[in-house]
Amino acid sequence: MVDLQGQYQKIKENVDNAIQEVLQTSAYINGPLVKEFQEDLEKYLNVKHVIPCANGTDALQIAMMGLGLEQGDEVITADFTFAATVEVIALLKLTPVLVDVDSKTFNIDIDAIKKAITPKTKAIVPVHLFGQVANMEAILEIAKEHNLYVIEDNAQAIGADYTFKNGTKQKAGTIGNVGTTSFFPSKNLGCYGDGGAIFTNDDALAHTLRGIVNHGMYERYYHDVVGVNSRLDSIQAGVLKVKLPHLDNYCNKRRNAARFYNKAFKNHPAIITPTNQSNTTKNCGEICDFCNCNVFHQYTLQITNGKRDELHKHLLATGIPNAIYYPVALHAQKAYRDTRYQESDFPVTNELIKNVISLPMHTELDDEQLTFITQTILNFLS
Ligand SMILES: *Cc1c(COP(=O)(O)O)cnc(C)c1O
């Protein structure tokens with residue numbers, strides 16, 4: 001699905017030097033490269049505070065701890081996503097409230113959020129799925145009306161821009177009260193191990209978060225709040241510092257591959273290609289470079305003739321990597337089942353888990369590979 005080796009070879013010298021720098025200085029934990037990467041990322045995202053941490057799941061957990069959410073508080077999130085989001089809600093003894101998604105963008109459905117709000121609702125966690133930012137303008141409006149926190153799970157959309165109706169642009173993850181990301185190797189900005197970060201423009205929240213990631217300490221051995229141990233190590237920070245300046249180019253390469261796929265599959269009666277949706281008046285049905293609204297963490301088709309599983313097997317047999325993200329709705333997972341949910345609450349998710357298939361998507365795809373992949377799919381479905 002990804003070609004991390006091909007990508008590494010092109011930046012090998014700089015990456016190797018960064019890792020050597022850590023080895024030479026033995027500053028493995030909280031070394032200068034962590035601070036340097038943090039500042040570079042603050043500049044890139046145009047956000048006041050980046051708090052590095054150990055992974056994207058921790059980032060979500062720490063964000064929720066930092067906001068002071070308490071047992072029994074209801075947190076609304078999407079039914080169609082990776083489990084980490086709902087996992088940390090449950091782990092903190094908050095009450096997860098899963099809601100359906102939009103059939104075009106795969107992102108949390110606005111009407112479903114509105115229906116799920118109760119007096120106990122404290123936060124909404126939109127996940128910017130597959131590289132596309134959720135409808136943040138509508139989410140912010142709901143949050144304002146009901147006095148809710150917005151926590152963006154931006155593990156899949158780092159580098160994406162969100163354009164408000166008035167033309168203002170903001171980077172994904174910097175729009176809500178707090179945003180989180182993952183630097184897992186296969187993410188759009190991936191390190192060579194685990195890593196994550198939290199973003200916020202709120203000075204007081206940033207201070208709290210910096211304490212929580214470090215055992216609740218602001219002064220060594222003085223624990224002011226209950227914390228965790230969650231650090232980005234210096235070697236990973238070194239890798240990320242080298243890769244960050246390439247992120248926009250990496251996103252463009254992904255969009256180029258998406259454009260190739262879209263063109264090949266356009267008008268096929270059994271294939272729905274991903275929809276780009278932006279709040280601007282511009283037509284974002286096409287994959288445009290100017291609005292950067294989708295950074296294509298995944299390129300995900302919907303196969304509408306019931307042959308998704310056959311296609312999945314056929315591609316694997318042909319040597320073409322592909323994956324089903326996600327095969328089970330979160331509300332149907334053993335760990336997260338709840339009698340409050342009705343199947344009729346999740347018509348879109350229940351359809352998507354049967355139809356979606358994600359194709360190879362990375363920075364090293366060339367036309368020859370893309371032609372082989374698209375032709376194989378078109379031949380199979382013809
Ligand atoms: C990858 C991912 C996470 C978790 O990140 P880790 O670094 O693997 O802990 C959380 N949410 C979403 C949507 C993800 O894709």
# chains A, B, ... in the order shown; residues from 1 in each chain; ligands from 1

$ residues_near_ligand --ligand "ligand 1" --cutoff "7 Å" --atoms "only C-alpha atoms and all ligand atoms" --output "compact mmCIF listing (two decimals) with N, CA, C and O atoms, in the first residue's frame"
# COMPACT_ATOMS: atom_id res chain seq x y z
N ASN A 55 2.46 8.82 20.26
CA ASN A 55 1.70 8.26 19.13
C ASN A 55 0.36 8.98 19.02
O ASN A 55 0.00 9.77 19.89
N GLY A 56 -0.37 8.68 17.97
CA GLY A 56 -1.62 9.39 17.70
C GLY A 56 -2.74 9.01 18.65
O GLY A 56 -3.66 9.81 18.89
N THR A 57 -2.69 7.81 19.20
CA THR A 57 -3.71 7.38 20.15
C THR A 57 -3.51 8.12 21.48
O THR A 57 -4.47 8.65 22.05
N ASP A 58 -2.27 8.19 21.94
CA ASP A 58 -1.96 8.99 23.13
C ASP A 58 -2.39 10.44 22.93
O ASP A 58 -2.93 11.07 23.85
N THR A 81 -14.46 4.70 11.17
CA THR A 81 -13.09 5.19 11.32
C THR A 81 -12.27 4.12 12.02
O THR A 81 -12.78 3.05 12.37
N PHE A 82 -10.97 4.41 12.24
CA PHE A 82 -10.10 3.53 13.00
C PHE A 82 -10.51 3.59 14.48
O PHE A 82 -10.95 4.63 14.96
N ALA A 84 -9.02 3.79 17.29
CA ALA A 84 -8.30 4.57 18.31
C ALA A 84 -9.16 5.69 18.89
O ALA A 84 -9.10 5.98 20.09
N THR A 85 -9.96 6.30 18.03
CA THR A 85 -10.75 7.46 18.46
C THR A 85 -11.74 7.07 19.57
O THR A 85 -11.81 7.73 20.61
N VAL A 127 -13.20 13.07 12.65
CA VAL A 127 -11.98 12.43 12.14
C VAL A 127 -11.88 12.84 10.68
O VAL A 127 -12.82 12.62 9.91
N LEU A 129 -11.19 11.85 7.69
CA LEU A 129 -10.90 10.51 7.19
C LEU A 129 -10.31 10.50 5.78
O LEU A 129 -10.77 11.22 4.90
N ASP A 153 -9.44 14.75 15.13
CA ASP A 153 -8.50 13.63 14.93
C ASP A 153 -7.94 13.79 13.53
O ASP A 153 -8.57 13.43 12.53
N ASN A 154 -6.73 14.35 13.49
CA ASN A 154 -6.13 14.69 12.20
C ASN A 154 -5.02 13.71 11.82
O ASN A 154 -4.07 14.06 11.12
N ALA A 155 -5.12 12.47 12.28
CA ALA A 155 -4.08 11.47 11.99
C ALA A 155 -3.94 11.21 10.50
O ALA A 155 -2.89 10.80 10.02
N GLN A 156 -5.02 11.47 9.73
CA GLN A 156 -4.99 11.11 8.31
C GLN A 156 -4.95 12.32 7.37
O GLN A 156 -4.96 12.14 6.15
N THR A 181 -2.49 14.35 15.92
CA THR A 181 -2.06 13.61 14.74
C THR A 181 -1.17 12.45 15.13
O THR A 181 -0.76 12.31 16.29
N SER A 182 -0.90 11.59 14.14
CA SER A 182 -0.04 10.43 14.30
C SER A 182 1.08 10.51 13.28
O SER A 182 0.85 10.91 12.15
N PHE A 183 2.28 10.12 13.72
CA PHE A 183 3.40 10.02 12.77
C PHE A 183 3.76 8.56 12.50
O PHE A 183 4.91 8.23 12.20
N PHE A 184 2.79 7.67 12.66
CA PHE A 184 2.98 6.25 12.30
C PHE A 184 3.58 6.20 10.88
O PHE A 184 3.25 7.04 10.04
N ASP A 194 7.04 4.97 16.21
CA ASP A 194 5.80 5.62 16.62
C ASP A 194 6.04 7.08 16.95
O ASP A 194 7.13 7.46 17.42
N GLY A 195 5.03 7.90 16.74
CA GLY A 195 5.11 9.31 17.11
C GLY A 195 3.75 9.95 16.97
O GLY A 195 2.87 9.41 16.29
N GLY A 196 3.56 11.08 17.63
CA GLY A 196 2.29 11.80 17.51
C GLY A 196 2.46 13.22 18.01
O GLY A 196 3.54 13.61 18.48

$ select_by_dssp --residues "stretch 108-299 of chain A" --states "alpha helix (DSSP H)" --output "count of residues only"
57

$ select_by_dssp --residues "stretch 95-315 of chain A" --states "strand (DSSP E or B)" --output "PyMOL selection string"
chain A and resi 95-99+101+108+121-125+127+132+149-153+161-163+169-171+178-182+196-200+214+217-219+222-223+229+233+271-272+294+299-303

$ closest_residue --among "A:Thr180, A:Ser234, A:Thr105, A:Asn292" --to "A:Ala18" --atoms "only C-alpha atoms"
A:Ser234

$ closest_atom_pairs --of "stretch 84-128 of chain A" --to "stretch 346-356 of chain A" --cutoff "9 Å" --atoms "only C-alpha atoms" --output "Markdown table"
| residue | atom | partner | partner_atom | distance |
| --- | --- | --- | --- | --- |
| A:Val99 | CA | A:Phe346 | CA | 7.0 |
| A:Asp100 | CA | A:Phe346 | CA | 5.0 |
| A:Val101 | CA | A:Val348 | CA | 6.3 |
| A:Asp102 | CA | A:Val348 | CA | 6.9 |
| A:Ser103 | CA | A:Val348 | CA | 5.8 |
| A:Phe106 | CA | A:Thr349 | CA | 8.4 |

$ atom_distance --atom1 "atom CA of A:Leu378" --atom2 "atom CA of A:Val2"
21.7 Å

$ closest_residue --among "A:Ser344, A:Leu67, A:Phe296, A:Ile235" --to "A:Thr25" --atoms "only C-alpha atoms"
A:Ile235

$ residues_around --residues "A:Pro52" --least-positions-apart "2" --cutoff "10 Å" --atoms "only C-alpha atoms" --output "PyMOL selection string"
chain A and resi 30+34-35+37-38+41+49-50+54-56+59+180-182+195-199+209-210+213+230-233+237

$ closest_residue --among "A:Ile139, A:Thr174, A:Phe260, A:Cys251" --to "A:Leu370" --atoms "only C-alpha atoms"
A:Phe260

$ atom_distance --atom1 "atom CA of A:Asn214" --atom2 "atom CA of A:Leu92"
18.0 Å

$ closest_residue --among "A:Lys144, A:Lys243, A:Lys313, A:Lys253" --to "A:Cys191" --atoms "only C-alpha atoms"
A:Lys243

$ atom_distance --atom1 "atom CA of A:Asn201" --atom2 "atom CA of A:Glu70"
22.5 Å

$ residues_around --residues "A:Arg255" --least-positions-apart "4" --cutoff "12 Å" --atoms "only C-alpha atoms" --output "PDB file with N, CA, C and O atoms, in the first residue's frame"
ATOM      1  N   GLY A 131      -7.842  11.675   4.526  1.00  0.00           N
ATOM      2  CA  GLY A 131      -7.125  12.854   4.025  1.00  0.00           C
ATOM      3  C   GLY A 131      -7.991  14.055   3.733  1.00  0.00           C
ATOM      4  O   GLY A 131      -7.502  15.078   3.279  1.00  0.00           O
ATOM      5  N   GLN A 132      -9.292  13.921   3.988  1.00  0.00           N
ATOM      6  CA  GLN A 132     -10.193  15.029   3.689  1.00  0.00           C
ATOM      7  C   GLN A 132     -10.794  15.595   4.967  1.00  0.00           C
ATOM      8  O   GLN A 132     -11.274  14.850   5.822  1.00  0.00           O
ATOM      9  N   ALA A 160      -3.506  19.132   5.015  1.00  0.00           N
ATOM     10  CA  ALA A 160      -4.693  19.560   4.270  1.00  0.00           C
ATOM     11  C   ALA A 160      -5.117  20.957   4.711  1.00  0.00           C
ATOM     12  O   ALA A 160      -4.961  21.325   5.868  1.00  0.00           O
ATOM     13  N   ASN A 188       0.701  10.266   6.303  1.00  0.00           N
ATOM     14  CA  ASN A 188       1.249  11.179   5.276  1.00  0.00           C
ATOM     15  C   ASN A 188       2.564  11.818   5.704  1.00  0.00           C
ATOM     16  O   ASN A 188       3.440  12.049   4.880  1.00  0.00           O
ATOM     17  N   ASP A 248       4.390  19.005   1.559  1.00  0.00           N
ATOM     18  CA  ASP A 248       3.497  19.528   0.509  1.00  0.00           C
ATOM     19  C   ASP A 248       3.722  18.791  -0.809  1.00  0.00           C
ATOM     20  O   ASP A 248       2.775  18.491  -1.536  1.00  0.00           O
ATOM     21  N   ASN A 249       4.989  18.522  -1.099  1.00  0.00           N
ATOM     22  CA  ASN A 249       5.298  17.775  -2.321  1.00  0.00           C
ATOM     23  C   ASN A 249       4.746  16.350  -2.251  1.00  0.00           C
ATOM     24  O   ASN A 249       4.189  15.832  -3.228  1.00  0.00           O
ATOM     25  N   TYR A 250       4.863  15.737  -1.079  1.00  0.00           N
ATOM     26  CA  TYR A 250       4.292  14.391  -0.900  1.00  0.00           C
ATOM     27  C   TYR A 250       2.773  14.415  -1.137  1.00  0.00           C
ATOM     28  O   TYR A 250       2.216  13.528  -1.781  1.00  0.00           O
ATOM     29  N   CYS A 251       2.116  15.450  -0.608  1.00  0.00           N
ATOM     30  CA  CYS A 251       0.663  15.559  -0.791  1.00  0.00           C
ATOM     31  C   CYS A 251       0.318  15.731  -2.268  1.00  0.00           C
ATOM     32  O   CYS A 251      -0.650  15.148  -2.770  1.00  0.00           O
ATOM     33  N   ARG A 259      -5.643  11.673  -9.105  1.00  0.00           N
ATOM     34  CA  ARG A 259      -6.164  12.210 -10.370  1.00  0.00           C
ATOM     35  C   ARG A 259      -6.120  11.132 -11.459  1.00  0.00           C
ATOM     36  O   ARG A 259      -7.063  10.972 -12.231  1.00  0.00           O
ATOM     37  N   PHE A 260      -5.030  10.386 -11.486  1.00  0.00           N
ATOM     38  CA  PHE A 260      -4.882   9.300 -12.460  1.00  0.00           C
ATOM     39  C   PHE A 260      -5.979   8.248 -12.240  1.00  0.00           C
ATOM     40  O   PHE A 260      -6.665   7.838 -13.179  1.00  0.00           O
ATOM     41  N   TYR A 261      -6.154   7.842 -10.995  1.00  0.00           N
ATOM     42  CA  TYR A 261      -7.193   6.855 -10.672  1.00  0.00           C
ATOM     43  C   TYR A 261      -8.575   7.375 -11.076  1.00  0.00           C
ATOM     44  O   TYR A 261      -9.366   6.675 -11.694  1.00  0.00           O
ATOM     45  N   ASN A 262      -8.872   8.624 -10.678  1.00  0.00           N
ATOM     46  CA  ASN A 262     -10.199   9.193 -10.948  1.00  0.00           C
ATOM     47  C   ASN A 262     -10.522   9.179 -12.435  1.00  0.00           C
ATOM     48  O   ASN A 262     -11.632   8.866 -12.837  1.00  0.00           O
ATOM     49  N   PRO A 274     -13.720   8.775  -5.126  1.00  0.00           N
ATOM     50  CA  PRO A 274     -13.852   9.672  -3.964  1.00  0.00           C
ATOM     51  C   PRO A 274     -14.321  11.063  -4.380  1.00  0.00           C
ATOM     52  O   PRO A 274     -13.931  11.559  -5.435  1.00  0.00           O
ATOM     53  N   ASN A 276     -14.379  15.009  -3.667  1.00  0.00           N
ATOM     54  CA  ASN A 276     -13.744  16.105  -2.945  1.00  0.00           C
ATOM     55  C   ASN A 276     -14.804  17.120  -2.607  1.00  0.00           C
ATOM     56  O   ASN A 276     -15.548  17.547  -3.473  1.00  0.00           O
ATOM     57  N   GLU A 286     -13.508  18.126  -8.856  1.00  0.00           N
ATOM     58  CA  GLU A 286     -12.238  17.696  -9.437  1.00  0.00           C
ATOM     59  C   GLU A 286     -11.167  17.769  -8.355  1.00  0.00           C
ATOM     60  O   GLU A 286     -11.314  18.462  -7.362  1.00  0.00           O
ATOM     61  N   ILE A 287     -10.082  17.031  -8.558  1.00  0.00           N
ATOM     62  CA  ILE A 287      -8.996  17.080  -7.583  1.00  0.00           C
ATOM     63  C   ILE A 287      -8.106  18.259  -7.936  1.00  0.00           C
ATOM     64  O   ILE A 287      -7.309  18.206  -8.863  1.00  0.00           O
ATOM     65  N   CYS A 288      -8.314  19.344  -7.202  1.00  0.00           N
ATOM     66  CA  CYS A 288      -7.637  20.579  -7.579  1.00  0.00           C
ATOM     67  C   CYS A 288      -6.434  20.809  -6.677  1.00  0.00           C
ATOM     68  O   CYS A 288      -6.438  20.434  -5.512  1.00  0.00           O
ATOM     69  N   ASP A 289      -5.416  21.438  -7.223  1.00  0.00           N
ATOM     70  CA  ASP A 289      -4.237  21.726  -6.426  1.00  0.00           C
ATOM     71  C   ASP A 289      -4.415  22.979  -5.604  1.00  0.00           C
ATOM     72  O   ASP A 289      -3.870  23.122  -4.537  1.00  0.00           O
ATOM     73  N   PHE A 290      -5.227  23.920  -6.123  1.00  0.00           N
ATOM     74  CA  PHE A 290      -5.259  25.232  -5.486  1.00  0.00           C
ATOM     75  C   PHE A 290      -5.888  25.214  -4.117  1.00  0.00           C
ATOM     76  O   PHE A 290      -5.545  25.992  -3.262  1.00  0.00           O
ATOM     77  N   CYS A 291      -6.842  24.283  -3.886  1.00  0.00           N
ATOM     78  CA  CYS A 291      -7.486  24.342  -2.573  1.00  0.00           C
ATOM     79  C   CYS A 291      -6.896  23.320  -1.597  1.00  0.00           C
ATOM     80  O   CYS A 291      -7.090  23.425  -0.402  1.00  0.00           O
ATOM     81  N   ASN A 292      -6.152  22.352  -2.076  1.00  0.00           N
ATOM     82  CA  ASN A 292      -5.450  21.413  -1.185  1.00  0.00           C
ATOM     83  C   ASN A 292      -6.375  20.833  -0.119  1.00  0.00           C
ATOM     84  O   ASN A 292      -5.982  20.631   1.020  1.00  0.00           O
ATOM     85  N   CYS A 293      -7.632  20.587  -0.511  1.00  0.00           N
ATOM     86  CA  CYS A 293      -8.607  20.184   0.509  1.00  0.00           C
ATOM     87  C   CYS A 293      -8.550  18.687   0.824  1.00  0.00           C
ATOM     88  O   CYS A 293      -9.151  18.233   1.781  1.00  0.00           O
ATOM     89  N   ASN A 294      -7.827  17.923   0.019  1.00  0.00           N
ATOM     90  CA  ASN A 294      -7.728  16.486   0.265  1.00  0.00           C
ATOM     91  C   ASN A 294      -6.281  16.052   0.049  1.00  0.00           C
ATOM     92  O   ASN A 294      -5.713  16.280  -1.017  1.00  0.00           O
ATOM     93  N   VAL A 295      -5.694  15.455   1.082  1.00  0.00           N
ATOM     94  CA  VAL A 295      -4.291  15.015   0.957  1.00  0.00           C
ATOM     95  C   VAL A 295      -4.201  13.487   0.759  1.00  0.00           C
ATOM     96  O   VAL A 295      -3.112  12.912   0.840  1.00  0.00           O
ATOM     97  N   PHE A 296      -5.335  12.878   0.465  1.00  0.00           N
ATOM     98  CA  PHE A 296      -5.388  11.465   0.059  1.00  0.00           C
ATOM     99  C   PHE A 296      -4.514  10.546   0.896  1.00  0.00           C
ATOM    100  O   PHE A 296      -3.625   9.879   0.387  1.00  0.00           O
ATOM    101  N   HIS A 297      -4.805  10.486   2.184  1.00  0.00           N
ATOM    102  CA  HIS A 297      -4.156   9.446   2.985  1.00  0.00           C
ATOM    103  C   HIS A 297      -4.509   8.080   2.400  1.00  0.00           C
ATOM    104  O   HIS A 297      -3.662   7.190   2.316  1.00  0.00           O
ATOM    105  N   GLN A 298      -5.772   7.934   2.004  1.00  0.00           N
ATOM    106  CA  GLN A 298      -6.187   6.731   1.274  1.00  0.00           C
ATOM    107  C   GLN A 298      -6.917   7.162   0.018  1.00  0.00           C
ATOM    108  O   GLN A 298      -7.532   8.230  -0.019  1.00  0.00           O
ATOM    109  N   TYR A 299      -6.839   6.311  -1.004  1.00  0.00           N
ATOM    110  CA  TYR A 299      -7.689   6.481  -2.180  1.00  0.00           C
ATOM    111  C   TYR A 299      -8.697   5.337  -2.130  1.00  0.00           C
ATOM    112  O   TYR A 299      -8.331   4.171  -2.305  1.00  0.00           O
ATOM    113  N   MET A 361      -1.636   3.866  -2.366  1.00  0.00           N
ATOM    114  CA  MET A 361      -1.585   5.336  -2.389  1.00  0.00           C
ATOM    115  C   MET A 361      -0.349   5.770  -1.632  1.00  0.00           C
ATOM    116  O   MET A 361      -0.246   5.540  -0.427  1.00  0.00           O
ATOM    117  N   HIS A 362       0.620   6.318  -2.370  1.00  0.00           N
ATOM    118  CA  HIS A 362       1.832   6.806  -1.721  1.00  0.00           C
ATOM    119  C   HIS A 362       2.579   7.747  -2.654  1.00  0.00           C
ATOM    120  O   HIS A 362       2.061   8.088  -3.732  1.00  0.00           O
ATOM    121  N   THR A 363       3.746   8.149  -2.220  1.00  0.00           N
ATOM    122  CA  THR A 363       4.471   9.205  -2.944  1.00  0.00           C
ATOM    123  C   THR A 363       5.298   8.672  -4.111  1.00  0.00           C
ATOM    124  O   THR A 363       5.846   9.459  -4.878  1.00  0.00           O
ATOM    125  N   GLU A 364       5.427   7.372  -4.229  1.00  0.00           N
ATOM    126  CA  GLU A 364       6.341   6.818  -5.230  1.00  0.00           C
ATOM    127  C   GLU A 364       5.633   6.126  -6.396  1.00  0.00           C
ATOM    128  O   GLU A 364       6.275   5.461  -7.205  1.00  0.00           O
ATOM    129  N   LEU A 365       4.317   6.256  -6.483  1.00  0.00           N
ATOM    130  CA  LEU A 365       3.584   5.579  -7.570  1.00  0.00           C
ATOM    131  C   LEU A 365       3.938   6.217  -8.911  1.00  0.00           C
ATOM    132  O   LEU A 365       3.916   7.436  -9.046  1.00  0.00           O
TER     133      LEU A 365
END

$ residues_around --residues "A:Ile19" --least-positions-apart "4" --cutoff "8 Å" --atoms "only C-alpha atoms" --output "tab-separated table (two decimals) with all heavy atoms, in the first residue's frame"
chain	number	residue	atom	x	y	z
A	15	VAL	N	18.34	12.04	6.32
A	15	VAL	CA	17.77	11.24	7.41
A	15	VAL	C	18.90	10.59	8.20
A	15	VAL	O	18.93	10.65	9.44
A	15	VAL	CB	16.79	10.17	6.87
A	15	VAL	CG1	16.43	9.18	7.97
A	15	VAL	CG2	15.54	10.82	6.29
A	23	LEU	N	22.76	9.99	17.72
A	23	LEU	CA	23.67	8.98	18.26
A	23	LEU	C	24.95	9.61	18.79
A	23	LEU	O	25.49	9.21	19.83
A	23	LEU	CB	24.01	7.93	17.19
A	23	LEU	CG	22.82	7.12	16.65
A	23	LEU	CD1	23.28	6.11	15.61
A	23	LEU	CD2	22.07	6.41	17.77
A	235	ILE	N	15.23	10.56	17.87
A	235	ILE	CA	15.50	9.98	16.55
A	235	ILE	C	14.30	10.19	15.63
A	235	ILE	O	14.44	10.61	14.47
A	235	ILE	CB	15.86	8.47	16.68
A	235	ILE	CG1	17.26	8.35	17.33
A	235	ILE	CG2	15.82	7.77	15.33
A	235	ILE	CD1	17.73	6.91	17.51
A	238	GLY	N	14.09	13.73	14.56
A	238	GLY	CA	15.09	14.01	13.52
A	238	GLY	C	14.58	13.59	12.14
A	238	GLY	O	14.72	14.33	11.16
A	239	VAL	N	13.97	12.42	12.07
A	239	VAL	CA	13.41	11.94	10.80
A	239	VAL	C	12.31	12.90	10.34
A	239	VAL	O	12.25	13.30	9.16
A	239	VAL	CB	12.83	10.51	10.97
A	239	VAL	CG1	12.07	10.07	9.72
A	239	VAL	CG2	13.94	9.51	11.31

$ closest_residue --among "A:Glu87, A:Asp79, A:Glu310, A:Glu13" --to "A:Ala329" --atoms "only C-alpha atoms"
A:Asp79
